[in-house]
file start24.txt (compact mmCIF, C-alpha atoms)
# COMPACT_ATOMS: atom_id res chain seq x y z
CA MET A 298 0.00 0.00 0.00
CA ARG A 299 2.79 2.34 0.97
CA ALA A 300 4.50 1.53 -2.31
CA SER A 301 1.43 2.39 -4.32
CA ILE A 302 1.14 5.75 -2.54
CA LYS A 303 4.74 6.42 -3.43
CA VAL A 304 4.11 5.45 -7.04
CA SER A 305 1.05 7.67 -7.35
CA GLY A 306 3.04 10.53 -5.80
CA ILE A 307 5.76 10.11 -8.39
CA LEU A 308 3.13 9.94 -11.13
CA LEU A 309 1.53 13.16 -9.95
CA LEU A 310 4.92 14.84 -9.85
CA LEU A 311 5.64 13.65 -13.40
CA ILE A 312 2.29 14.95 -14.62
CA ALA A 313 2.91 18.30 -12.94
CA MET A 314 6.40 18.51 -14.44
CA THR A 315 5.27 17.76 -17.99
CA GLY A 316 2.74 20.63 -17.87
CA CYS A 317 3.76 22.61 -20.92
CA VAL A 318 7.15 21.22 -21.84
CA ALA A 319 7.71 20.64 -25.52
CA HIS A 320 8.92 17.17 -26.42
CA SER A 321 8.70 17.85 -30.10
CA ARG A 322 9.01 20.33 -32.96
CA TYR A 323 6.34 22.62 -31.48
CA ASN A 324 5.10 23.39 -27.99
CA TRP A 325 1.46 22.27 -28.07
CA CYS A 326 0.68 22.77 -24.41
CA ASP A 327 -2.24 20.26 -24.41
CA TYR A 328 -3.74 21.69 -27.57
CA ASP A 329 -5.78 18.58 -28.44
CA THR A 330 -7.27 18.24 -24.94
CA LYS A 331 -8.16 21.95 -24.98
CA MET A 332 -9.88 21.58 -28.35
CA TYR A 333 -11.86 18.58 -27.20
CA SER A 334 -12.94 20.33 -23.99
CA HIS A 335 -14.15 23.23 -26.09
CA TYR A 336 -16.32 20.94 -28.23
CA LYS A 337 -17.59 19.12 -25.18
CA ASN A 338 -18.35 22.27 -23.14
CA PRO A 339 -18.81 25.11 -25.63
CA ALA A 340 -20.22 27.30 -22.84
CA GLN A 341 -16.80 27.47 -21.18
CA ARG A 342 -15.52 29.86 -23.80
CA GLU A 343 -13.30 31.84 -21.51
CA ALA A 344 -11.26 28.74 -20.66
CA PHE A 345 -10.90 27.97 -24.36
CA VAL A 346 -9.68 31.44 -25.31
CA GLN A 347 -7.37 31.53 -22.29
CA GLY A 348 -6.04 28.07 -23.21
CA LEU A 349 -5.07 29.25 -26.70
CA LYS A 350 -3.41 32.32 -25.28
CA GLU A 351 -1.43 30.12 -22.90
CA ILE A 352 -0.02 28.09 -25.82
CA ILE A 353 1.27 31.28 -27.44
CA GLU A 354 2.72 32.61 -24.19
CA GLU A 355 4.53 29.33 -23.51
CA ALA A 356 5.70 28.60 -27.03
CA GLU A 357 6.59 32.03 -28.38
CA PRO A 358 9.77 32.68 -26.33
CA GLU A 359 11.33 29.43 -27.64
CA GLY A 360 10.03 29.93 -31.19
CA LYS A 361 7.87 26.83 -31.04
CA VAL A 362 4.38 28.18 -31.77
CA PRO A 363 2.63 25.47 -33.81
CA PRO A 364 1.02 26.22 -37.18
CA GLY A 365 -2.55 27.51 -36.95
CA ILE A 366 -2.36 28.67 -33.32
CA TYR A 367 -2.07 32.43 -33.96
CA ALA A 368 -4.99 32.10 -36.38
CA GLU A 369 -7.06 30.03 -33.97
CA TYR A 370 -6.51 32.54 -31.17
CA GLY A 371 -7.19 35.42 -33.56
CA PHE A 372 -10.45 33.80 -34.63
CA ALA A 373 -11.51 33.33 -31.02
CA LEU A 374 -10.83 37.06 -30.42
CA TYR A 375 -12.80 37.90 -33.56
CA GLU A 376 -15.75 35.91 -32.23
CA GLU A 377 -15.46 37.80 -28.95
CA GLY A 378 -15.88 41.02 -30.93
CA ASN A 379 -12.24 42.04 -30.45
CA HIS A 380 -11.64 42.70 -34.14
CA GLN A 381 -8.51 44.85 -33.97
CA GLU A 382 -6.55 42.37 -31.87
CA ALA A 383 -7.87 39.52 -34.03
CA ILE A 384 -6.35 41.20 -37.10
CA ALA A 385 -2.98 41.46 -35.35
CA TYR A 386 -2.95 37.69 -34.77
CA PHE A 387 -4.10 36.89 -38.31
CA LYS A 388 -1.13 38.97 -39.50
CA LYS A 389 1.22 37.07 -37.21
CA GLU A 390 0.00 33.76 -38.65
CA ALA A 391 0.46 35.04 -42.22
CA ASP A 392 3.98 36.28 -41.44
CA LYS A 393 5.08 33.03 -39.85
CA TRP A 394 3.35 30.60 -42.25
CA PRO A 395 3.18 31.63 -45.93
CA GLU A 396 0.78 28.69 -46.55
CA SER A 397 -1.85 30.50 -44.48
CA ARG A 398 -1.83 33.77 -46.45
CA VAL A 399 -4.90 33.21 -48.65
CA PHE A 400 -7.05 32.36 -45.64
CA MET A 401 -5.55 35.06 -43.41
CA THR A 402 -6.06 37.75 -46.06
CA LYS A 403 -9.75 36.83 -46.12
CA LEU A 404 -10.05 36.82 -42.34
CA ILE A 405 -8.25 40.16 -42.06
CA ALA A 406 -10.69 41.64 -44.59
CA ILE A 407 -13.74 40.24 -42.75
CA ALA A 408 -12.50 41.40 -39.35
CA GLY A 409 -11.59 44.78 -40.85
CA ASN A 410 -15.13 45.23 -42.18
CA ARG A 411 -16.58 44.30 -38.83
CA ALA A 412 -14.27 46.67 -36.99
CA HIS A 413 -15.27 49.44 -39.40
CA ALA A 414 -18.98 48.70 -39.00
CA GLN A 415 -18.56 48.58 -35.22
CA LYS A 416 -16.88 51.98 -35.24
CA GLU A 417 -19.58 53.50 -37.44
CA ASN A 418 -22.28 52.00 -35.27
CA ALA A 419 -20.64 53.43 -32.18
CA GLU A 420 -20.47 56.89 -33.76
CA ALA A 421 -23.92 56.77 -35.26
CA SER A 422 -25.67 54.92 -32.53
CA PRO A 423 -27.33 57.76 -30.52
CA GLU A 424 -29.05 59.12 -33.58
CA THR A 425 -29.88 55.74 -35.06
CA LEU A 426 -31.28 54.58 -31.78
CA MET A 427 -33.41 57.69 -31.57
CA HIS A 428 -34.66 57.16 -35.09
CA ALA A 429 -35.37 53.57 -34.32
CA GLU A 430 -37.31 54.61 -31.23
CA LYS A 431 -39.36 57.15 -33.25
CA ASP A 432 -40.01 54.56 -35.93
CA ARG A 433 -41.14 52.09 -33.35
CA GLN A 434 -43.54 54.58 -31.79
CA LYS A 435 -44.81 55.55 -35.18
CA SER A 436 -45.43 51.98 -36.28
CA SER A 437 -47.10 51.01 -33.01
CA ALA A 438 -49.30 54.09 -33.29
CA GLU A 439 -50.17 53.04 -36.81
CA GLY A 440 -50.82 49.56 -35.58
CA LEU A 441 -53.34 50.94 -33.11
CA LYS A 442 -55.26 52.74 -35.83
CA MET B 196 35.94 -13.60 -59.74
CA LYS B 197 35.79 -9.95 -58.79
CA LYS B 198 33.66 -9.28 -61.82
CA ILE B 199 31.12 -11.92 -60.79
CA THR B 200 30.85 -10.46 -57.29
CA PHE B 201 30.35 -7.05 -58.81
CA LEU B 202 27.60 -8.28 -61.13
CA PHE B 203 25.98 -10.07 -58.24
CA LEU B 204 26.02 -6.90 -56.17
CA ILE B 205 24.40 -4.98 -58.99
CA ALA B 206 21.71 -7.64 -59.30
CA VAL B 207 21.03 -7.42 -55.56
CA LEU B 208 20.83 -3.65 -55.75
CA PHE B 209 18.32 -3.87 -58.59
CA ALA B 210 16.23 -6.35 -56.64
CA LEU B 211 16.29 -4.11 -53.57
CA GLY B 212 15.48 -1.08 -55.67
CA GLY B 213 12.50 -2.92 -57.11
CA CYS B 214 11.15 -3.68 -53.63
CA ALA B 215 11.58 -0.17 -52.41
CA HIS B 216 9.83 1.18 -55.46
CA LYS B 217 6.84 -1.10 -54.95
CA GLU B 218 6.49 -0.08 -51.33
CA LEU B 219 6.52 3.59 -52.24
CA ASN B 220 3.77 3.21 -54.84
CA LYS B 221 1.09 4.12 -52.37
CA GLN B 222 2.62 7.56 -51.87
CA ASP B 223 3.74 8.24 -55.46
CA LYS B 224 0.84 10.56 -56.22
CA PHE B 225 1.21 12.26 -52.87
CA LEU B 226 4.94 12.78 -53.41
CA SER B 227 4.50 14.25 -56.87
CA ALA B 228 1.79 16.61 -55.59
CA ALA B 229 4.28 17.64 -52.84
CA PRO B 230 1.74 19.47 -50.67
CA ARG B 231 2.86 22.01 -48.08
CA SER B 232 -0.45 22.61 -46.38
CA ILE B 233 -3.28 20.35 -45.17
CA LEU B 234 -6.85 21.49 -44.61
CA ILE B 235 -8.60 19.32 -42.02
CA VAL B 236 -12.35 19.46 -42.50
CA PRO B 237 -14.89 18.38 -39.85
CA VAL B 238 -15.09 14.63 -39.27
CA VAL B 239 -18.04 12.51 -40.43
CA ASN B 240 -19.29 10.18 -37.74
CA ASN B 241 -21.09 7.00 -38.78
CA SER B 242 -20.57 5.30 -35.42
CA ILE B 243 -22.95 5.01 -32.50
CA ASP B 244 -20.78 7.19 -30.25
CA VAL B 245 -21.72 10.87 -30.50
CA THR B 246 -18.36 12.08 -29.14
CA ALA B 247 -16.20 10.19 -31.67
CA ALA B 248 -16.04 13.00 -34.24
CA ASP B 249 -14.92 15.59 -31.66
CA TYR B 250 -12.19 13.28 -30.37
CA MET B 251 -10.90 12.69 -33.87
CA LEU B 252 -11.08 16.31 -35.04
CA SER B 253 -9.23 17.54 -31.92
CA THR B 254 -6.34 15.11 -32.30
CA LEU B 255 -5.54 15.30 -36.04
CA THR B 256 -3.56 18.56 -36.03
CA VAL B 257 -0.65 17.59 -33.77
CA PRO B 258 0.66 14.53 -35.67
CA LEU B 259 0.30 16.21 -39.08
CA ALA B 260 2.06 19.42 -38.02
CA GLU B 261 4.82 17.40 -36.33
CA ARG B 262 5.13 15.50 -39.63
CA GLY B 263 6.18 18.81 -41.23
CA TYR B 264 3.04 20.29 -42.80
CA TYR B 265 1.23 23.54 -42.33
CA VAL B 266 -2.12 22.57 -40.81
CA PHE B 267 -5.02 25.03 -40.99
CA PRO B 268 -6.67 26.03 -37.68
CA ILE B 269 -9.43 23.42 -37.29
CA ASN B 270 -11.86 25.50 -35.28
CA ALA B 271 -11.60 28.63 -37.43
CA VAL B 272 -12.09 26.41 -40.51
CA LYS B 273 -15.11 24.70 -38.94
CA ARG B 274 -16.72 28.03 -38.05
CA VAL B 275 -16.09 29.57 -41.48
CA LEU B 276 -17.63 26.50 -43.14
CA GLU B 277 -20.66 26.78 -40.84
CA ASP B 278 -21.08 30.42 -41.85
CA ASP B 279 -20.93 29.32 -45.49
CA GLY B 280 -23.87 26.97 -44.92
CA LEU B 281 -21.75 23.85 -44.49
CA ALA B 282 -22.54 23.08 -40.86
CA ASP B 283 -23.14 19.41 -41.61
CA SER B 284 -19.84 17.57 -42.01
CA SER B 285 -21.29 15.12 -44.55
CA LEU B 286 -22.13 18.11 -46.77
CA VAL B 287 -18.51 19.24 -46.50
CA HIS B 288 -17.31 15.76 -47.49
CA THR B 289 -19.46 15.72 -50.62
CA ALA B 290 -18.42 19.22 -51.77
CA PRO B 291 -15.70 19.30 -54.46
CA THR B 292 -12.24 19.23 -52.87
CA SER B 293 -11.02 21.98 -55.19
CA LYS B 294 -13.78 24.29 -54.00
CA LEU B 295 -12.84 23.79 -50.34
CA ALA B 296 -9.13 24.07 -51.06
CA ASN B 297 -9.72 27.30 -52.96
CA LEU B 298 -11.68 28.84 -50.13
CA PHE B 299 -8.72 28.46 -47.76
CA GLY B 300 -5.77 28.33 -50.16
CA ALA B 301 -4.94 24.75 -49.13
CA ASP B 302 -2.85 22.30 -51.16
CA VAL B 303 -4.72 19.18 -50.00
CA VAL B 304 -7.76 18.30 -47.91
CA LEU B 305 -7.94 15.58 -45.25
CA TYR B 306 -11.26 13.77 -44.83
CA VAL B 307 -11.79 11.52 -41.82
CA VAL B 308 -14.77 9.20 -41.38
CA VAL B 309 -15.38 7.30 -38.14
CA GLU B 310 -16.95 4.06 -39.26
CA ARG B 311 -17.09 2.25 -35.96
CA TRP B 312 -16.63 3.20 -32.30
CA ASP B 313 -18.23 0.72 -29.89
CA ALA B 314 -17.36 0.44 -26.24
CA ARG B 315 -18.04 -2.77 -24.34
CA TYR B 316 -18.08 -2.39 -20.60
CA ALA B 317 -17.15 -5.18 -18.23
CA VAL B 318 -16.19 -5.16 -14.56
CA LEU B 319 -12.46 -5.37 -15.13
CA GLN B 320 -12.00 -3.58 -18.39
CA THR B 321 -13.64 -1.61 -21.14
CA THR B 322 -12.69 -2.43 -24.69
CA THR B 323 -13.47 -0.08 -27.53
CA THR B 324 -13.42 -1.24 -31.13
CA VAL B 325 -12.85 1.49 -33.68
CA ALA B 326 -12.54 1.78 -37.44
CA VAL B 327 -11.51 5.08 -39.00
CA TYR B 328 -11.03 5.88 -42.67
CA TYR B 329 -8.63 8.66 -43.71
CA GLN B 330 -8.39 10.22 -47.17
CA ILE B 331 -6.24 13.01 -48.57
CA ARG B 332 -7.40 14.62 -51.81
CA ASP B 333 -5.66 17.04 -54.14
CA GLY B 334 -6.88 20.61 -53.83
CA LYS B 335 -6.46 21.26 -57.56
CA THR B 336 -7.53 18.02 -59.24
CA ASP B 337 -9.81 16.48 -56.55
CA GLU B 338 -7.78 13.30 -57.04
CA LEU B 339 -7.26 10.83 -54.18
CA LEU B 340 -3.58 11.14 -53.15
CA TRP B 341 -3.48 8.88 -50.11
CA ASP B 342 -5.82 6.85 -47.94
CA ASN B 343 -5.63 4.54 -44.97
CA ARG B 344 -8.03 2.61 -42.80
CA VAL B 345 -7.24 1.97 -39.15
CA GLN B 346 -9.02 -0.72 -37.22
CA MET B 347 -8.10 -1.32 -33.63
CA VAL B 348 -9.27 -2.53 -30.26
CA TYR B 349 -8.38 -0.25 -27.38
CA THR B 350 -8.26 -0.96 -23.67
CA PRO B 351 -7.29 1.74 -21.14
CA ASP B 352 -4.08 0.70 -19.45
CA ALA B 353 -4.18 -0.11 -15.75
CA GLY B 354 -0.54 -1.21 -15.77
CA SER B 355 0.51 -4.72 -14.82
CA PRO B 356 0.78 -6.28 -11.35
CA GLY B 357 4.14 -5.47 -9.77
CA ALA B 358 6.61 -8.32 -9.49
CA GLY B 359 6.90 -10.03 -6.12
CA GLY B 360 3.56 -8.65 -4.89
CA GLY B 361 2.15 -12.15 -4.43
CA ALA B 362 -1.57 -12.65 -3.91
CA ALA B 363 -1.99 -9.26 -2.21
CA GLY B 364 -0.29 -7.53 -5.13
CA LEU B 365 -2.52 -9.32 -7.59
CA ILE B 366 -5.67 -8.36 -5.69
CA ALA B 367 -4.49 -4.76 -5.47
CA HIS B 368 -3.91 -4.83 -9.22
CA LEU B 369 -7.40 -6.20 -9.86
CA VAL B 370 -8.84 -3.41 -7.71
CA VAL B 371 -6.91 -0.82 -9.73
CA LYS B 372 -8.19 -2.41 -12.95
CA ALA B 373 -11.79 -2.37 -11.73
CA VAL B 374 -11.41 1.29 -10.74
CA VAL B 375 -9.95 2.16 -14.13
CA ALA B 376 -12.84 0.33 -15.82
CA ALA B 377 -15.44 2.10 -13.66
CA VAL B 378 -13.93 5.52 -14.31
CA GLU B 379 -13.80 4.75 -18.02
CA LYS B 380 -17.46 3.79 -18.02
CA ALA B 381 -18.54 6.88 -16.08
CA ALA B 382 -16.47 9.35 -18.08
CA PRO B 383 -14.65 7.70 -20.96
CA ASN B 384 -11.45 9.37 -22.05
CA TYR B 385 -10.86 8.52 -25.65
CA MET B 386 -8.01 10.98 -26.14
CA PRO B 387 -5.31 8.23 -26.03
CA LEU B 388 -7.39 6.06 -28.36
CA ALA B 389 -7.83 8.85 -30.91
CA ARG B 390 -4.12 9.74 -30.75
CA GLN B 391 -3.15 6.09 -31.23
CA ALA B 392 -5.43 5.68 -34.26
CA ASN B 393 -3.96 8.81 -35.88
CA SER B 394 -0.37 7.71 -35.23
CA ARG B 395 -1.12 4.40 -36.86
CA ALA B 396 -2.68 6.06 -39.86
CA PHE B 397 -0.01 8.71 -40.45
CA LEU B 398 3.34 7.71 -39.04
CA TYR B 399 4.36 4.40 -40.65
CA TYR B 400 6.68 5.46 -43.41
CA PRO B 401 7.88 3.89 -45.59
CA GLY B 402 4.75 1.84 -45.25
CA ASP B 403 1.23 3.14 -45.46
CA GLY B 404 1.76 6.48 -43.68
CA ILE B 405 2.28 10.03 -44.91
CA PRO B 406 5.69 11.13 -46.25
CA PRO B 407 7.47 13.79 -44.18
CA GLY B 408 6.37 17.32 -45.05
CA PRO B 409 8.38 20.39 -46.10
CA TYR B 410 9.17 21.62 -42.57
CA VAL B 411 10.75 18.26 -41.68
CA THR B 412 12.61 17.72 -44.96
CA ALA B 413 13.94 21.30 -45.00
CA GLU B 414 15.42 20.68 -41.57
CA SER B 415 17.04 17.36 -42.46
CA GLN B 416 18.64 18.97 -45.53
CA LYS B 417 20.13 21.65 -43.32
CA ASN B 418 21.78 19.08 -41.04

call {"tool": "encode", "arguments": {"input": "start24.txt", "output": "structure tokens"}}
result
Amino acid sequence: MRASIKVSGILLLLIAMTGCVAHSRYNWCDYDTKMYSHYKNPAQREAFVQGLKEIIEEAEPEGKVPPGIYAEYGFALYEEGNHQEAIAYFKKEADKWPESRVFMTKLIAIAGNRAHAQKENAEASPETLMHAEKDRQKSSAEGLK
Amino acid sequence: MKKITFLFLIAVLFALGGCAHKELNKQDKFLSAAPRSILIVPVVNNSIDVTAADYMLSTLTVPLAERGYYVFPINAVKRVLEDDGLADSSLVHTAPTSKLANLFGADVVLYVVVERWDARYAVLQTTTTVAVYYQIRDGKTDELLWDNRVQMVYTPDAGSPGAGGGAAGLIAHLVVKAVVAAVEKAAPNYMPLARQANSRAFLYYPGDGIPPGPYVTAESQKN
């Protein structure tokens, strides 16, 4: 029994030590487990986005960021509505991996349009909202007639 | 005498060359297409296990990137396809490869179909039988460049009884096995199974796997 406690202790230590160490070309930092958790629990978005960020933070200093990770993180930011930062990561992916350029150019354009629309909405919103409110009142008044 | 040895050596070399050539046939088309990038599209699941497709999709990127290819971001690709009206993976699999490849600028497309994924639960161990079919098609010509089918039976490992434990050790081992089996039944973890299936499909080379990609070959040329 004592031996098995010792063994499980060593196992735990080993698991803790292997946390984010790269044994290969790239530092994946549990990428596949993170992806699966995201598909299994899509509601835990924050953990997913954070998990992608963690891969970049761990792998970037040693130059071992795997292909697709900047883009994946950028896309997650885009879905969060953070279009400007998303574009920065799409550009990073395109710079590092020439194979990604066609796709990244498209994503940069889409995110750019959204960012533009967001900005216009923000500037125009008081007026538009007021118009919308007037229209609503008008139509409901008409509806009553 | 020397001449005969020499001729014999040449004959042996020819024979060996012939063998090697035959073995490489499976990858000839793949090698001449020389892809740099692989687009992984969502997995089709024809098995009875609803989680099988997610396990497979999550685990395909790592072995292919480590093999030396650029691999497109699976989740971004999945979401873009959904926005394009291709939320159903079987629709994606029937769309022309060249159309998909064009959309993302990919050299080739990887299609994975889970054909079978059945778990059988018993007190001491759970065995899962899987069959997965992998296909890589050319992004320009739609042509099949490589395929492989992996069939395997997987049992989560509870280790083996320690030597010299005697009857007590054996009982302890059986308890561990039963616990592993119970945990597996309550919350199966198919990550190791999915990784194993992918390694079998991709990594045997020469054999039926995928040739090393540009990021691996560039490095070996440098050395």

call {"tool": "residues_near_point", "arguments": {"input": "start24.txt", "point": "(-6.7, -3.7, -30.4)", "cutoff": "12 Å", "atoms": "only C-alpha atoms", "output": "NGL selection string"}}
result
:B and (321-326 or 345-351 or 388 or 391-392 or 395)

call {"tool": "write_last_selection", "arguments": {"input": "start24.txt", "atoms": "C-alpha atoms", "output": "PDB file, in the coordinates of the input"}}
result
ATOM      1  CA  THR B 321     -13.640  -1.610 -21.140  1.00  0.00           C
ATOM      2  CA  THR B 322     -12.690  -2.430 -24.690  1.00  0.00           C
ATOM      3  CA  THR B 323     -13.470  -0.080 -27.530  1.00  0.00           C
ATOM      4  CA  THR B 324     -13.420  -1.240 -31.130  1.00  0.00           C
ATOM      5  CA  VAL B 325     -12.850   1.490 -33.680  1.00  0.00           C
ATOM      6  CA  ALA B 326     -12.540   1.780 -37.440  1.00  0.00           C
ATOM      7  CA  VAL B 345      -7.240   1.970 -39.150  1.00  0.00           C
ATOM      8  CA  GLN B 346      -9.020  -0.720 -37.220  1.00  0.00           C
ATOM      9  CA  MET B 347      -8.100  -1.320 -33.630  1.00  0.00           C
ATOM     10  CA  VAL B 348      -9.270  -2.530 -30.260  1.00  0.00           C
ATOM     11  CA  TYR B 349      -8.380  -0.250 -27.380  1.00  0.00           C
ATOM     12  CA  THR B 350      -8.260  -0.960 -23.670  1.00  0.00           C
ATOM     13  CA  PRO B 351      -7.290   1.740 -21.140  1.00  0.00           C
ATOM     14  CA  LEU B 388      -7.390   6.060 -28.360  1.00  0.00           C
ATOM     15  CA  GLN B 391      -3.150   6.090 -31.230  1.00  0.00           C
ATOM     16  CA  ALA B 392      -5.430   5.680 -34.260  1.00  0.00           C
ATOM     17  CA  ARG B 395      -1.120   4.400 -36.860  1.00  0.00           C
TER      18      ARG B 395
END

call {"tool": "residues_around", "arguments": {"input": "start24.txt", "residues": "region 398-414 of chain A", "least_positions_apart": "4", "cutoff": "10 Å", "atoms": "all atoms listed in the file", "output": "JSON, numbers by chain"}}
result
{"A": [368, 371, 372, 375, 376, 378, 379, 380, 381, 382, 383, 384, 385, 386, 387, 388, 389, 390, 391, 392, 393, 394, 418, 419, 420], "B": [267, 271, 272, 275, 297, 298, 299, 300, 301]}

call {"tool": "closest_residue", "arguments": {"input": "start24.txt", "among": "B:Ala296, B:Ile243, B:Val374, B:Val318", "to": "chain A", "atoms": "all atoms listed in the file"}}
result
B:Ala296

call {"tool": "interface_residues", "arguments": {"input": "start24.txt", "of": "chain A", "to": "chain B", "cutoff": "9 Å", "atoms": "only C-alpha atoms", "output": "ChimeraX atom specification"}}
result
/A:298,321-323,325,328-333,336-337,363-373,394,396-401,403

call {"tool": "residues_around", "arguments": {"input": "start24.txt", "residues": "Glu351 (chain A)", "least_positions_apart": "4", "cutoff": "8 Å", "atoms": "all atoms listed in the file", "output": "NGL selection string"}}
result
:A and (326 or 347 or 355)

call {"tool": "axis_aligned_box", "arguments": {"input": "start24.txt", "around": "region 350-364 of chain A", "padding_each_side": "6 Å", "output": "AutoDock Vina command-line options"}}
result
--center_x 4.0 --center_y 29.1 --center_z -30.0 --size_x 26.7 --size_y 19.2 --size_z 26.3

call {"tool": "atom_distance", "arguments": {"input": "start24.txt", "atom1": "CA of Val307 (chain B)", "atom2": "CA of Pro406 (chain B)"}}
result
18.0 Å

call {"tool": "build_atoms", "arguments": {"input": "start24.txt", "residues": "region 373-385 of chain A", "atoms": "N, CA, C and O atoms", "output": "mmCIF file, in the coordinates of the input"}}
result
data_model
loop_
_atom_site.group_PDB
_atom_site.id
_atom_site.type_symbol
_atom_site.label_atom_id
_atom_site.label_comp_id
_atom_site.auth_asym_id
_atom_site.auth_seq_id
_atom_site.Cartn_x
_atom_site.Cartn_y
_atom_site.Cartn_z
ATOM 1 N N ALA A 373 -10.766 33.294 -32.285
ATOM 2 C CA ALA A 373 -11.510 33.330 -31.020
ATOM 3 C C ALA A 373 -11.727 34.780 -30.596
ATOM 4 O O ALA A 373 -12.825 35.155 -30.176
ATOM 5 N N LEU A 374 -10.700 35.636 -30.758
ATOM 6 C CA LEU A 374 -10.830 37.060 -30.420
ATOM 7 C C LEU A 374 -11.869 37.731 -31.319
ATOM 8 O O LEU A 374 -12.682 38.535 -30.868
ATOM 9 N N TYR A 375 -11.833 37.364 -32.600
ATOM 10 C CA TYR A 375 -12.800 37.900 -33.560
ATOM 11 C C TYR A 375 -14.225 37.568 -33.113
ATOM 12 O O TYR A 375 -15.118 38.419 -33.141
ATOM 13 N N GLU A 376 -14.411 36.324 -32.677
ATOM 14 C CA GLU A 376 -15.750 35.910 -32.230
ATOM 15 C C GLU A 376 -16.166 36.620 -30.939
ATOM 16 O O GLU A 376 -17.349 36.754 -30.662
ATOM 17 N N GLU A 377 -15.167 37.047 -30.170
ATOM 18 C CA GLU A 377 -15.460 37.800 -28.950
ATOM 19 C C GLU A 377 -15.802 39.258 -29.283
ATOM 20 O O GLU A 377 -16.135 40.025 -28.387
ATOM 21 N N GLY A 378 -15.609 39.638 -30.540
ATOM 22 C CA GLY A 378 -15.880 41.020 -30.930
ATOM 23 C C GLY A 378 -14.643 41.908 -30.850
ATOM 24 O O GLY A 378 -14.710 43.111 -31.059
ATOM 25 N N ASN A 379 -13.497 41.290 -30.556
ATOM 26 C CA ASN A 379 -12.240 42.040 -30.450
ATOM 27 C C ASN A 379 -11.528 42.038 -31.808
ATOM 28 O O ASN A 379 -10.524 41.348 -32.005
ATOM 29 N N HIS A 380 -12.081 42.810 -32.742
ATOM 30 C CA HIS A 380 -11.640 42.700 -34.140
ATOM 31 C C HIS A 380 -10.221 43.196 -34.386
ATOM 32 O O HIS A 380 -9.489 42.596 -35.157
ATOM 33 N N GLN A 381 -9.844 44.302 -33.728
ATOM 34 C CA GLN A 381 -8.510 44.850 -33.970
ATOM 35 C C GLN A 381 -7.416 43.874 -33.545
ATOM 36 O O GLN A 381 -6.468 43.623 -34.285
ATOM 37 N N GLU A 382 -7.570 43.301 -32.350
ATOM 38 C CA GLU A 382 -6.550 42.370 -31.870
ATOM 39 C C GLU A 382 -6.552 41.095 -32.722
ATOM 40 O O GLU A 382 -5.508 40.500 -32.984
ATOM 41 N N ALA A 383 -7.753 40.700 -33.164
ATOM 42 C CA ALA A 383 -7.870 39.520 -34.030
ATOM 43 C C ALA A 383 -7.008 39.717 -35.278
ATOM 44 O O ALA A 383 -6.232 38.837 -35.659
ATOM 45 N N ILE A 384 -7.114 40.905 -35.871
ATOM 46 C CA ILE A 384 -6.350 41.200 -37.100
ATOM 47 C C ILE A 384 -4.847 41.079 -36.840
ATOM 48 O O ILE A 384 -4.116 40.506 -37.654
ATOM 49 N N ALA A 385 -4.404 41.554 -35.679
ATOM 50 C CA ALA A 385 -2.980 41.460 -35.350
ATOM 51 C C ALA A 385 -2.511 40.002 -35.340
ATOM 52 O O ALA A 385 -1.425 39.686 -35.839
#
